[in-house]
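Enquirer: File run-v7.cif below, mmCIF, C-alpha atoms and all ligand atoms:
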```
data_my_file
loop_
_atom_site.label_atom_id
_atom_site.label_comp_id
_atom_site.auth_asym_id
_atom_site.auth_seq_id
_atom_site.Cartn_x
_atom_site.Cartn_y
_atom_site.Cartn_z
CA MET A 1 93.98 -19.63 32.97
CA ALA A 2 97.53 -21.07 33.19
CA ASN A 3 98.62 -24.25 31.40
CA THR A 4 95.79 -26.74 31.33
CA ILE A 5 95.37 -30.33 30.24
CA LEU A 6 91.82 -31.28 29.34
CA VAL A 7 90.95 -34.97 29.28
CA GLY A 8 87.89 -37.13 28.81
CA ALA A 9 87.03 -38.93 32.05
CA GLN A 10 84.88 -41.66 30.49
CA TRP A 11 84.91 -43.48 27.13
CA GLY A 12 85.25 -40.47 24.83
CA ASP A 13 82.55 -38.16 23.44
CA GLU A 14 82.16 -36.44 26.81
CA GLY A 15 81.61 -33.10 25.10
CA LYS A 16 85.27 -32.13 25.18
CA GLY A 17 85.03 -30.15 21.93
CA LYS A 18 82.59 -27.72 23.43
CA ILE A 19 84.44 -27.31 26.73
CA ILE A 20 87.73 -26.82 24.88
CA ASP A 21 86.06 -24.15 22.78
CA VAL A 22 84.84 -22.39 25.92
CA LEU A 23 88.24 -22.61 27.68
CA THR A 24 90.06 -21.51 24.54
CA GLU A 25 88.72 -18.02 25.01
CA ARG A 26 91.38 -17.61 27.69
CA ALA A 27 94.13 -19.64 25.98
CA ASP A 28 96.82 -18.44 23.59
CA VAL A 29 97.87 -21.83 22.30
CA VAL A 30 95.79 -25.00 21.85
CA VAL A 31 97.51 -28.35 21.31
CA ARG A 32 96.39 -31.81 20.20
CA SER A 33 98.84 -34.38 21.54
CA GLN A 34 97.49 -37.85 20.78
CA GLY A 35 95.03 -39.83 18.68
CA GLY A 36 94.21 -39.11 15.08
CA ASN A 37 91.16 -38.61 12.93
CA ASN A 38 89.39 -41.28 14.97
CA ALA A 39 88.41 -38.29 17.14
CA GLY A 40 85.41 -36.17 16.31
CA HIS A 41 84.82 -32.96 18.21
CA THR A 42 81.56 -31.22 17.49
CA VAL A 43 81.25 -27.51 18.22
CA PHE A 44 78.20 -25.30 17.57
CA ILE A 45 78.79 -21.58 17.17
CA LYS A 46 75.82 -19.35 16.37
CA GLY A 47 73.93 -22.35 14.99
CA GLN A 48 76.78 -23.36 12.68
CA LYS A 49 78.05 -26.90 13.26
CA TYR A 50 81.79 -27.59 13.05
CA VAL A 51 83.14 -31.14 13.27
CA LEU A 52 86.87 -31.32 13.92
CA HIS A 53 88.95 -34.48 13.65
CA LEU A 54 92.62 -33.46 13.68
CA VAL A 55 92.65 -29.68 13.84
CA PRO A 56 92.49 -28.35 17.43
CA SER A 57 89.13 -26.79 18.26
CA GLY A 58 90.97 -23.56 19.08
CA ILE A 59 91.00 -22.82 15.35
CA LEU A 60 87.39 -21.61 15.67
CA ARG A 61 88.52 -18.56 17.64
CA LYS A 62 90.58 -15.77 16.17
CA ARG A 63 94.32 -15.43 16.82
CA LYS A 64 94.84 -18.73 18.63
CA VAL A 65 97.94 -20.73 17.86
CA CYS A 66 96.85 -24.32 17.13
CA VAL A 67 99.32 -27.17 17.24
CA ILE A 68 99.05 -30.76 16.05
CA GLY A 69 101.75 -32.27 18.25
CA ASN A 70 104.29 -35.05 17.85
CA GLY A 71 102.06 -37.62 19.61
CA VAL A 72 99.27 -37.39 17.04
CA VAL A 73 99.01 -39.78 14.08
CA VAL A 74 98.13 -37.84 10.97
CA ASP A 75 96.30 -39.02 7.89
CA PRO A 76 97.53 -36.21 5.62
CA VAL A 77 94.82 -36.65 2.99
CA SER A 78 92.09 -36.40 5.58
CA LEU A 79 93.82 -33.41 7.22
CA VAL A 80 93.86 -31.56 3.89
CA GLU A 81 90.15 -32.25 3.47
CA GLU A 82 89.47 -30.97 6.97
CA ILE A 83 91.45 -27.77 6.37
CA LYS A 84 89.66 -27.18 3.05
CA GLY A 85 86.29 -27.72 4.75
CA LEU A 86 87.15 -25.21 7.48
CA ARG A 87 88.35 -22.66 4.91
CA LYS A 88 85.03 -23.02 3.09
CA LEU A 89 83.24 -22.13 6.34
CA GLY A 90 85.39 -19.00 6.58
CA VAL A 91 87.71 -20.24 9.34
CA HIS A 92 91.11 -18.53 9.33
CA ILE A 93 93.91 -21.13 9.18
CA ASP A 94 97.05 -19.54 7.79
CA GLY A 95 99.61 -18.53 10.35
CA ASN A 96 97.70 -20.17 13.22
CA LEU A 97 97.96 -23.88 12.46
CA PHE A 98 101.19 -25.80 13.03
CA LEU A 99 101.89 -29.46 12.36
CA SER A 100 104.70 -31.34 14.10
CA GLU A 101 107.51 -32.68 11.92
CA THR A 102 107.70 -35.78 14.05
CA ALA A 103 104.01 -36.74 14.07
CA HIS A 104 103.60 -40.18 12.49
CA LEU A 105 101.61 -40.71 9.32
CA VAL A 106 98.61 -42.93 8.71
CA PHE A 107 98.59 -44.73 5.35
CA PRO A 108 95.89 -46.61 3.42
CA TYR A 109 97.53 -49.91 4.42
CA HIS A 110 96.97 -48.99 8.07
CA ARG A 111 93.28 -48.47 7.40
CA GLU A 112 93.06 -51.68 5.41
CA LEU A 113 94.86 -53.67 8.13
CA ASP A 114 92.63 -52.12 10.79
CA ALA A 115 89.57 -53.35 8.87
CA GLN A 116 91.06 -56.78 8.10
CA ARG A 117 92.03 -57.42 11.74
CA GLU A 118 88.58 -56.42 12.90
CA THR A 119 86.97 -58.82 10.42
CA LEU A 120 89.29 -61.60 11.52
CA LYS A 121 88.35 -61.04 15.16
CA GLY A 122 84.70 -61.59 14.30
CA LYS A 123 82.54 -61.29 17.40
CA HIS A 124 85.60 -60.36 19.47
CA LYS A 125 86.20 -57.22 17.41
CA ILE A 126 87.17 -53.95 19.13
CA GLY A 127 84.74 -51.84 17.14
CA THR A 128 87.43 -49.42 15.93
CA THR A 129 86.71 -46.38 13.81
CA LYS A 130 88.67 -48.13 11.00
CA ARG A 131 90.83 -45.05 10.57
CA GLY A 132 94.03 -47.12 10.79
CA ILE A 133 94.97 -45.72 14.19
CA GLY A 134 96.10 -48.99 15.82
CA PRO A 135 98.32 -50.12 12.91
CA ALA A 136 99.83 -46.61 12.59
CA TYR A 137 100.82 -46.49 16.28
CA GLY A 138 101.96 -50.10 15.85
CA ASP A 139 104.43 -49.00 13.15
CA LYS A 140 105.55 -46.14 15.37
CA ALA A 141 106.30 -48.49 18.29
CA ALA A 142 107.95 -51.01 15.96
CA ARG A 143 110.14 -48.17 14.60
CA THR A 144 108.93 -48.79 11.09
CA GLY A 145 106.67 -45.75 10.74
CA MET A 146 106.97 -42.67 8.55
CA ARG A 147 106.64 -39.15 9.82
CA VAL A 148 105.54 -35.76 8.56
CA ILE A 149 109.20 -34.82 8.11
CA ASP A 150 109.51 -37.68 5.59
CA LEU A 151 106.35 -36.66 3.76
CA ILE A 152 107.70 -33.23 2.87
CA GLN A 153 110.97 -34.54 1.43
CA PRO A 154 109.98 -35.95 -1.99
CA GLU A 155 112.98 -38.19 -2.71
CA ARG A 156 113.15 -39.72 0.74
CA PHE A 157 109.40 -40.16 0.84
CA LYS A 158 109.26 -41.95 -2.50
CA ALA A 159 111.95 -44.46 -1.54
CA ARG A 160 110.47 -45.20 1.90
CA LEU A 161 106.93 -45.47 0.57
CA GLN A 162 108.03 -47.94 -2.08
CA GLU A 163 109.45 -50.21 0.64
CA LYS A 164 106.43 -49.81 2.89
CA ILE A 165 103.88 -50.55 0.15
CA LYS A 166 105.84 -53.64 -0.89
CA GLU A 167 105.99 -54.96 2.68
CA ASN A 168 102.35 -54.19 3.45
CA ASN A 169 101.06 -55.62 0.19
CA GLU A 170 102.55 -58.95 1.28
CA ILE A 171 100.65 -58.72 4.56
CA LEU A 172 97.44 -57.67 2.80
CA LYS A 173 97.82 -60.62 0.42
CA ALA A 174 97.99 -62.98 3.40
CA PHE A 175 94.65 -61.53 4.56
CA GLY A 176 93.23 -62.12 1.08
CA ALA A 177 92.87 -58.36 0.58
CA LYS A 178 93.61 -56.30 -2.53
CA PRO A 179 97.17 -54.92 -2.81
CA LEU A 180 97.66 -51.14 -2.97
CA SER A 181 99.00 -49.27 -5.96
CA PHE A 182 102.24 -47.48 -5.09
CA SER A 183 101.78 -44.78 -7.72
CA ARG A 184 98.26 -43.94 -6.59
CA VAL A 185 99.19 -43.64 -2.91
CA HIS A 186 102.38 -41.77 -3.79
CA GLU A 187 100.55 -39.22 -5.91
CA GLU A 188 97.84 -38.69 -3.30
CA TYR A 189 100.28 -38.28 -0.42
CA ARG A 190 102.70 -36.04 -2.30
CA THR A 191 99.82 -33.72 -3.21
CA ALA A 192 98.77 -33.65 0.45
CA GLY A 193 102.41 -33.13 1.49
CA ASP A 194 102.75 -30.05 -0.71
CA TYR A 195 99.50 -28.65 0.66
CA LEU A 196 100.56 -29.23 4.28
CA LYS A 197 104.20 -28.11 4.00
CA PRO A 198 103.54 -24.49 5.04
CA PHE A 199 102.12 -25.74 8.35
CA VAL A 200 104.98 -28.10 9.21
CA THR A 201 107.42 -27.05 11.91
CA ASN A 202 109.33 -28.06 15.04
CA THR A 203 106.38 -27.75 17.40
CA VAL A 204 108.45 -28.53 20.51
CA THR A 205 110.61 -25.41 20.12
CA LEU A 206 107.49 -23.46 19.14
CA LEU A 207 105.73 -24.53 22.35
CA HIS A 208 108.77 -23.78 24.51
CA LYS A 209 108.93 -20.26 23.06
CA ALA A 210 105.28 -19.91 24.04
CA LEU A 211 106.10 -21.18 27.56
CA ARG A 212 108.89 -18.60 27.89
CA ARG A 213 106.52 -15.84 26.75
CA GLY A 214 104.14 -16.92 29.49
CA ASP A 215 101.38 -17.87 27.06
CA ASN A 216 98.45 -19.89 28.34
CA ILE A 217 98.54 -23.33 26.80
CA LEU A 218 95.57 -25.67 26.56
CA LEU A 219 96.26 -29.31 25.78
CA GLU A 220 93.10 -30.81 24.36
CA GLY A 221 92.68 -34.54 24.87
CA ALA A 222 90.95 -36.81 22.40
CA GLN A 223 89.00 -39.97 23.32
CA GLY A 224 88.70 -40.74 27.04
CA THR A 225 90.40 -42.32 30.04
CA PHE A 226 88.91 -45.80 29.55
CA LEU A 227 90.13 -45.85 25.96
CA ASP A 228 93.73 -45.25 27.14
CA ILE A 229 96.13 -47.95 25.94
CA ASP A 230 97.52 -48.35 29.51
CA HIS A 231 94.65 -47.34 31.77
CA GLY A 232 91.61 -48.30 29.71
CA THR A 233 89.60 -51.47 29.30
CA TYR A 234 92.31 -53.24 27.29
CA PRO A 235 92.08 -54.56 24.59
CA PHE A 236 88.92 -52.50 23.96
CA VAL A 237 90.88 -49.27 23.82
CA THR A 238 92.49 -46.93 21.32
CA SER A 239 96.24 -47.02 20.72
CA SER A 240 97.39 -43.83 22.44
CA ASN A 241 97.66 -42.48 25.99
CA THR A 242 94.48 -40.49 26.33
CA THR A 243 95.22 -39.65 29.97
CA ALA A 244 97.02 -36.54 31.23
CA GLY A 245 100.51 -38.00 30.97
CA GLY A 246 100.05 -38.52 27.26
CA ALA A 247 99.58 -34.79 26.79
CA CYS A 248 103.15 -34.18 27.98
CA THR A 249 104.86 -36.85 25.88
CA GLY A 250 102.67 -36.00 22.90
CA SER A 251 103.61 -32.32 22.96
CA GLY A 252 107.02 -31.96 24.64
CA ILE A 253 105.55 -29.81 27.40
CA PRO A 254 107.15 -30.93 30.67
CA PRO A 255 104.83 -32.16 33.47
CA HIS A 256 105.93 -29.49 35.95
CA ARG A 257 104.74 -26.75 33.56
CA VAL A 258 101.16 -28.01 33.77
CA ASP A 259 99.07 -26.08 36.27
CA ARG A 260 95.68 -27.71 36.04
CA VAL A 261 93.89 -30.80 34.74
CA VAL A 262 90.26 -30.49 33.72
CA GLY A 263 88.22 -33.69 33.35
CA VAL A 264 85.16 -33.67 31.14
CA MET A 265 82.35 -36.12 31.83
CA LYS A 266 78.77 -36.54 30.78
CA ALA A 267 76.02 -36.57 33.40
CA TYR A 268 75.50 -40.14 32.18
CA THR A 269 77.77 -42.59 30.35
CA THR A 270 78.26 -43.47 26.68
CA ARG A 271 80.60 -45.63 24.69
CA VAL A 272 81.04 -46.41 20.99
CA GLY A 273 82.59 -49.70 20.00
CA GLU A 274 82.81 -52.94 21.93
CA GLY A 275 84.04 -53.66 25.44
CA PRO A 276 82.66 -53.52 28.98
CA LEU A 277 80.27 -50.75 30.00
CA PRO A 278 79.02 -51.77 33.47
CA THR A 279 76.12 -49.31 33.68
CA GLU A 280 74.79 -49.91 30.15
CA ASN A 281 71.02 -49.56 30.04
CA ALA A 282 68.68 -50.03 27.09
CA GLU A 283 65.98 -47.68 28.37
CA ILE A 284 68.24 -44.68 28.75
CA ALA A 285 69.80 -45.47 25.35
CA ASP A 286 66.37 -45.54 23.68
CA MET A 287 65.38 -42.29 25.38
CA LEU A 288 68.57 -40.45 24.32
CA HIS A 289 68.50 -41.80 20.76
CA ALA A 290 64.84 -40.82 20.41
CA MET A 291 65.91 -37.27 21.34
CA GLY A 292 68.35 -37.46 18.41
CA ARG A 293 71.33 -37.55 20.77
CA GLU A 294 74.32 -39.85 21.02
CA PHE A 295 75.24 -40.60 17.46
CA GLY A 296 79.00 -40.58 16.74
CA ALA A 297 80.58 -37.52 15.07
CA THR A 298 83.16 -39.62 13.21
CA THR A 299 81.32 -42.77 12.21
CA GLY A 300 77.65 -41.88 12.80
CA ARG A 301 77.27 -45.01 14.95
CA ALA A 302 74.64 -44.96 17.70
CA ARG A 303 76.51 -44.78 21.00
CA ARG A 304 75.83 -47.25 23.79
CA CYS A 305 74.41 -45.46 26.82
CA GLY A 306 74.16 -46.02 30.56
CA TRP A 307 73.89 -44.41 33.96
CA PHE A 308 76.69 -42.31 35.44
CA ASP A 309 79.44 -44.55 36.78
CA SER A 310 81.17 -42.93 39.76
CA VAL A 311 83.52 -45.89 40.27
CA ALA A 312 84.93 -45.32 36.79
CA THR A 313 85.06 -41.52 37.00
CA ARG A 314 86.74 -41.61 40.41
CA HIS A 315 89.40 -43.81 38.87
CA ALA A 316 89.71 -41.30 36.01
CA CYS A 317 90.22 -38.45 38.50
CA MET A 318 92.96 -40.50 40.12
CA VAL A 319 95.03 -41.41 37.06
CA ASN A 320 94.68 -38.00 35.43
CA GLY A 321 95.03 -35.93 38.58
CA ILE A 322 91.83 -34.10 37.69
CA ASP A 323 91.45 -30.83 39.62
CA ASP A 324 88.30 -29.51 38.01
CA LEU A 325 85.28 -31.22 36.54
CA ALA A 326 83.20 -30.14 33.60
CA ILE A 327 79.92 -32.07 33.57
CA THR A 328 78.10 -31.97 30.24
CA ASN A 329 74.79 -33.06 28.71
CA ILE A 330 72.85 -32.39 31.90
CA ASP A 331 69.84 -31.48 29.73
CA GLY A 332 69.77 -35.08 28.45
CA LEU A 333 68.35 -36.17 31.80
CA ASP A 334 65.63 -33.49 32.06
CA THR A 335 62.66 -35.83 31.54
CA LEU A 336 63.57 -38.67 33.88
CA ASP A 337 61.62 -39.57 37.05
CA THR A 338 64.55 -41.26 38.74
CA ILE A 339 68.24 -41.03 37.93
CA LYS A 340 70.60 -43.79 38.92
CA VAL A 341 74.29 -43.47 39.74
CA CYS A 342 76.62 -46.44 40.03
CA VAL A 343 78.47 -46.31 43.35
CA GLY A 344 80.08 -49.78 43.34
CA TYR A 345 80.32 -53.05 41.44
CA ARG A 346 79.41 -56.56 42.53
CA GLN A 347 80.87 -59.69 40.97
CA GLY A 348 81.25 -63.27 42.19
CA GLY A 349 80.38 -62.46 45.81
CA ARG A 350 82.87 -59.54 45.88
CA THR A 351 82.17 -55.85 45.88
CA TYR A 352 84.45 -53.35 44.19
CA ASP A 353 84.91 -49.65 44.81
CA PHE A 354 87.53 -49.54 42.05
CA VAL A 355 87.69 -50.69 38.43
CA PRO A 356 88.95 -54.29 38.29
CA ASN A 357 91.73 -54.83 35.73
CA ASP A 358 90.55 -58.25 34.61
CA ILE A 359 88.37 -57.51 31.61
CA GLU A 360 86.30 -60.66 32.20
CA VAL A 361 85.61 -59.64 35.80
CA LEU A 362 84.71 -56.10 34.74
CA SER A 363 82.42 -57.41 32.00
CA ALA A 364 80.56 -59.54 34.58
CA CYS A 365 80.24 -56.73 37.17
CA GLU A 366 76.76 -55.75 38.28
CA PRO A 367 76.48 -52.09 39.26
CA VAL A 368 75.31 -51.06 42.73
CA TYR A 369 73.11 -48.00 42.31
CA ALA A 370 72.15 -44.95 44.32
CA GLU A 371 68.99 -43.18 43.15
CA PHE A 372 68.28 -39.49 42.72
CA PRO A 373 64.93 -37.85 42.01
CA GLY A 374 64.60 -36.31 38.53
CA TRP A 375 63.96 -32.56 38.12
CA HIS A 376 61.40 -32.71 35.28
CA THR A 377 62.36 -29.21 34.14
CA PRO A 378 64.16 -28.16 30.95
CA THR A 379 67.67 -27.01 31.91
CA ASP A 380 68.90 -25.89 28.49
CA LYS A 381 68.05 -22.24 29.18
CA ALA A 382 69.95 -22.12 32.47
CA ARG A 383 72.91 -19.74 32.39
CA LYS A 384 73.80 -19.50 36.07
CA TRP A 385 74.14 -22.12 38.80
CA LYS A 386 71.04 -20.81 40.55
CA ASP A 387 69.01 -21.14 37.31
CA LEU A 388 69.30 -24.92 37.63
CA PRO A 389 66.54 -26.80 39.49
CA VAL A 390 67.56 -27.72 43.05
CA ARG A 391 67.40 -31.42 42.22
CA ALA A 392 69.77 -30.95 39.28
CA ARG A 393 72.17 -29.03 41.52
CA ASN A 394 72.02 -31.78 44.12
CA TYR A 395 72.66 -34.41 41.47
CA LEU A 396 75.72 -32.55 40.15
CA LYS A 397 77.06 -31.91 43.65
CA ALA A 398 76.72 -35.62 44.38
CA LEU A 399 78.64 -36.55 41.21
CA ALA A 400 81.47 -34.22 42.17
CA GLU A 401 81.57 -35.60 45.71
CA LEU A 402 81.55 -39.21 44.52
CA THR A 403 84.36 -38.57 42.05
CA ALA A 404 86.33 -36.50 44.56
CA ALA A 405 86.93 -33.49 42.33
CA ASN A 406 85.83 -29.88 42.18
CA LEU A 407 82.80 -29.07 40.00
CA ALA A 408 83.87 -26.14 37.81
CA ILE A 409 81.64 -26.20 34.73
CA ALA A 410 78.13 -27.46 34.07
CA SER A 411 76.99 -27.66 30.46
CA VAL A 412 73.33 -27.73 29.46
CA GLY A 413 73.59 -27.84 25.66
CA PRO A 414 75.99 -27.66 22.76
CA GLY A 415 76.10 -23.83 22.46
CA ARG A 416 78.85 -21.66 23.94
CA GLU A 417 76.23 -19.77 25.92
CA GLN A 418 74.86 -22.97 27.48
CA THR A 419 77.77 -23.08 29.90
CA ILE A 420 77.55 -22.51 33.64
CA PHE A 421 80.67 -21.63 35.60
CA VAL A 422 80.07 -23.01 39.06
P1 LIG A 501 90.32 -46.76 17.19
O1 LIG A 501 90.81 -45.60 17.97
O2 LIG A 501 89.69 -46.38 15.88
O3 LIG A 501 91.34 -47.84 17.04
O4 LIG A 501 89.12 -47.44 18.01
C1 LIG A 501 89.34 -48.10 19.25
C2 LIG A 501 88.17 -47.86 20.19
O5 LIG A 501 88.17 -46.50 20.57
C3 LIG A 501 86.80 -48.12 19.57
O6 LIG A 501 85.94 -48.59 20.59
C4 LIG A 501 86.35 -46.75 19.12
O7 LIG A 501 84.96 -46.64 19.04
C5 LIG A 501 86.92 -45.90 20.25
N1 LIG A 501 87.17 -44.51 19.86
C6 LIG A 501 88.18 -44.04 19.11
N2 LIG A 501 88.11 -42.71 18.97
C7 LIG A 501 87.05 -42.32 19.67
C8 LIG A 501 86.47 -41.03 19.95
O8 LIG A 501 86.96 -39.98 19.53
N3 LIG A 501 85.35 -41.03 20.72
C9 LIG A 501 84.82 -42.17 21.22
N4 LIG A 501 85.33 -43.39 21.00
C10 LIG A 501 86.43 -43.46 20.23
MG MG A 502 83.80 -37.59 19.65
#
```
Take the structure I supplied and represent it as structure tokens, if you would.
Expert:
Amino acid sequence: MANTILVGAQWGDEGKGKIIDVLTERADVVVRSQGGNNAGHTVFIKGQKYVLHLVPSGILRKRKVCVIGNGVVVDPVSLVEEIKGLRKLGVHIDGNLFLSETAHLVFPYHRELDAQRETLKGKHKIGTTKRGIGPAYGDKAARTGMRVIDLIQPERFKARLQEKIKENNEILKAFGAKPLSFSRVHEEYRTAGDYLKPFVTNTVTLLHKALRRGDNILLEGAQGTFLDIDHGTYPFVTSSNTTAGGACTGSGIPPHRVDRVVGVMKAYTTRVGEGPLPTENAEIADMLHAMGREFGATTGRARRCGWFDSVATRHACMVNGIDDLAITNIDGLDTLDTIKVCVGYRQGGRTYDFVPNDIEVLSACEPVYAEFPGWHTPTDKARKWKDLPVRARNYLKALAELTAANLAIASVGPGREQTIFV
């Protein structure tokens, strides 16, 4: 399968977890390179549900090396909980999970500041997951962060944490929030540090050994293209580079060693949190929610829903260099009479065939739609391309054509077996 970067081509929750799980069958090493426990990847295997936040989905298959790379921000307490939860479900962790020494840490003051800033913004809030992701990456960029390598050195950690708690308590006080207790945070984090120590290593040298062995490496993206700090709908974005380039900086794998970029997209569009979503549509949201679909894996929030936006996904193919598409959740559209696809935007007498950078312009854009006839047939039992109704095949072919990428995978449900290789 060669070295592959997998990215979300929309606003996150494209069904990456499932596609990663499917692709992992042919991978030796699976790497997370950005984001933190704001991500939630849901994977169903034989009816058992697994929700992963920080641990690469590759952990669910035997003998896969799983790496949490340098670009990830790690809440160690939450990572310990996740590992314990996986162990309880019988997932084998020891010897296959590796945590980068240089990944930055998320602390309770990051979470508290995340929440306080959101409250202060009022109706202009971002709608973050409140996991402290923005403030943690903020500390990293300001060169005031702490890393995994600090966590596992008790003396150093204690001294640095004392400083950090003091500084952040001043900031929290200014917000009118409760200060944090150093001893409580210290105790909690040291316990987590001891638990995580066996997993901590230099993941860059580990990955380069794998490259020299000729292992197949899969870099699993979290969130999606339009949540990218550079290429997304700023400021309604997350704080990492969710696009393909971020996978290289967040892992230490050089760009020229990447052979393929896979972009995952839903057959429609969803978004959690605030910010522009040009094709948003209440009817399709009500329909999907009534089916019990489109509730967030991390926060349980109902996702906003809309029609497929080919202007946005074409842009995603461009900035990520997407070679192959995986289109998911096709079965979500099974009952519709007519399916719309956005093929352009209109705003202030102008038409756009690209995503305008001005957030106010994008927010005011009216989509221009093409219409496709629905197939009115359940697709969840389809296992081969020819099992799909002709209208569904035509719809998917049109999406691939509009986004200018090659349709490689069609997914008709959460199960491993509900995957069609086109
Ligand atoms: P943060 O990453 O928690 O700071 O949230 C920033 C924005 O990204 C919010 O709109 C979140 O809803 C969104 N977001 C963060 N992580 C995910 C994800 O894994 N899936 C979908 N949206 C996400
Ligand atoms: Mg998710």
Enquirer: Enter the distance from atom CA of Val72 of chain A to atom CA of Leu113 of chain A, in Å, rounded to one decimal.
Expert: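 Taking atom CA of Val72 of chain A as the start and atom CA of Leu113 of chain A as the end point, the length is 19.1 Å.
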Enquirer: When you count only C-alpha atoms and all ligand atoms, which of these residues is closest to ligand MG 502 (chain A): A:Phe182, A:Trp307, A:Tyr352, A:Phe295?
Expert: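 When distances to ligand MG 502 (chain A) are compared using only C-alpha atoms and all ligand atoms, the smallest one comes from A:Phe295.
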Enquirer: Rank nothing, just name the residue among A:Pro414, A:Pro276, A:Gly344, A:Gly349 nearest to ligand LIG 501 (chain A), using all atoms listed in the file.
Expert: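 Nearest candidate to ligand LIG 501 (chain A) out of A:Pro414, A:Pro276, A:Gly344, A:Gly349: A:Pro276.
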Enquirer: Could you state the separation of atom C5 of ligand LIG 501 (chain A) and atom CA of Trp11 of chain A in Å, given to one decimal place?
Expert: 7.6 Å
Enquirer: Given the choices A:Asp139, A:Glu280, A:Glu274, A:Asp28, which gets closest to Tyr109 of chain A if the distance is worked out from all atoms listed in the file?
Expert: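 Comparing A:Asp139, A:Glu280, A:Glu274, A:Asp28 against Tyr109 of chain A, the winner is A:Asp139.
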Enquirer: My list of candidates is A:Arg190, A:Arg26, A:Lys88, A:His53. Which is closest to ligand MG 502 (chain A) when distances are computed with all atoms listed in the file?
Expert: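 Of the candidates, the smallest distance to ligand MG 502 (chain A) is held by A:His53.
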Enquirer: Taking (72.1, -36.5, 18.5) in the file's coordinates as the center, which residues reach within 12 Å of it, counting only C-alpha atoms, put as a PDB file with C-alpha atoms, in the frame of the given file?
Expert:
```
ATOM      1  CA  ASP A  13      82.550 -38.160  23.440  1.00  0.00           C
ATOM      2  CA  THR A  42      81.560 -31.220  17.490  1.00  0.00           C
ATOM      3  CA  ALA A 285      69.800 -45.470  25.350  1.00  0.00           C
ATOM      4  CA  ASP A 286      66.370 -45.540  23.680  1.00  0.00           C
ATOM      5  CA  MET A 287      65.380 -42.290  25.380  1.00  0.00           C
ATOM      6  CA  LEU A 288      68.570 -40.450  24.320  1.00  0.00           C
ATOM      7  CA  HIS A 289      68.500 -41.800  20.760  1.00  0.00           C
ATOM      8  CA  ALA A 290      64.840 -40.820  20.410  1.00  0.00           C
ATOM      9  CA  MET A 291      65.910 -37.270  21.340  1.00  0.00           C
ATOM     10  CA  GLY A 292      68.350 -37.460  18.410  1.00  0.00           C
ATOM     11  CA  ARG A 293      71.330 -37.550  20.770  1.00  0.00           C
ATOM     12  CA  GLU A 294      74.320 -39.850  21.020  1.00  0.00           C
ATOM     13  CA  PHE A 295      75.240 -40.600  17.460  1.00  0.00           C
ATOM     14  CA  GLY A 296      79.000 -40.580  16.740  1.00  0.00           C
ATOM     15  CA  ALA A 297      80.580 -37.520  15.070  1.00  0.00           C
ATOM     16  CA  GLY A 300      77.650 -41.880  12.800  1.00  0.00           C
ATOM     17  CA  ARG A 301      77.270 -45.010  14.950  1.00  0.00           C
ATOM     18  CA  ALA A 302      74.640 -44.960  17.700  1.00  0.00           C
ATOM     19  CA  ARG A 303      76.510 -44.780  21.000  1.00  0.00           C
ATOM     20  CA  ASN A 329      74.790 -33.060  28.710  1.00  0.00           C
ATOM     21  CA  GLY A 332      69.770 -35.080  28.450  1.00  0.00           C
ATOM     22  CA  GLY A 413      73.590 -27.840  25.660  1.00  0.00           C
ATOM     23  CA  PRO A 414      75.990 -27.660  22.760  1.00  0.00           C
TER      24      PRO A 414
END
```
Enquirer: Which residue out of A:Ala136, A:Arg63, A:Ile126, A:Val22 has the minimum interatomic distance to Val43 of chain A when only C-alpha atoms are used?
Expert: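 Result for the nearest residue to Val43 of chain A: A:Val22.
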Enquirer: I'd like the neighbourhood of Val311 of chain A as a ChimeraX atom specification, where a residue qualifies if any of its atoms comes within 6 Å (using all atoms listed in the file), though same-chain residues fewer than 3 positions away should be ignored.
Expert: /A:314,343,354
Enquirer: What are the closest atom pairs, with distances in Å to one decimal, for all residues of chain A lying within 9 Å of ligand MG 502 (chain A)? Consider only C-alpha atoms and all ligand atoms, order rows by chain and residue number, and present the result as a Markdown table.
Expert:
```
| residue | atom | partner | partner_atom | distance |
| --- | --- | --- | --- | --- |
| A:Gly12 | CA | A:MG502 | MG | 6.1 |
| A:Asp13 | CA | A:MG502 | MG | 4.0 |
| A:Glu14 | CA | A:MG502 | MG | 7.4 |
| A:Gly15 | CA | A:MG502 | MG | 7.4 |
| A:Lys16 | CA | A:MG502 | MG | 7.9 |
| A:Gly17 | CA | A:MG502 | MG | 7.9 |
| A:Asn38 | CA | A:MG502 | MG | 8.2 |
| A:Ala39 | CA | A:MG502 | MG | 5.3 |
| A:Gly40 | CA | A:MG502 | MG | 4.0 |
| A:His41 | CA | A:MG502 | MG | 5.0 |
| A:Thr42 | CA | A:MG502 | MG | 7.1 |
| A:His53 | CA | A:MG502 | MG | 8.5 |
| A:Ala222 | CA | A:MG502 | MG | 7.7 |
| A:Gln223 | CA | A:MG502 | MG | 6.8 |
| A:Gly296 | CA | A:MG502 | MG | 6.4 |
| A:Ala297 | CA | A:MG502 | MG | 5.6 |
| A:Thr298 | CA | A:MG502 | MG | 6.8 |
```
Enquirer: Would you list the residues near (100.2, -25.3, 32.1) (no more than 10 Å away, in the coordinates of the file, using all atoms listed in the file) as an MDAnalysis selection string?
Expert: chainID A and resid 1:5 211 214:219 253:261
Enquirer: Point out the residue among A:Ser239, A:Gln153, A:Gln34, A:Ser181 with the least atom-to-atom distance to ligand LIG 501 (chain A), counting all atoms listed in the file.
Expert: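 With all atoms listed in the file as the atom set, the closest residue is A:Ser239.
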Enquirer: Between atom CA of Ile59 of chain A and atom CA of Gly221 of chain A, measure the distance and give it in Å to one decimal.
Expert: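 Between these atoms lies a distance of 15.2 Å.
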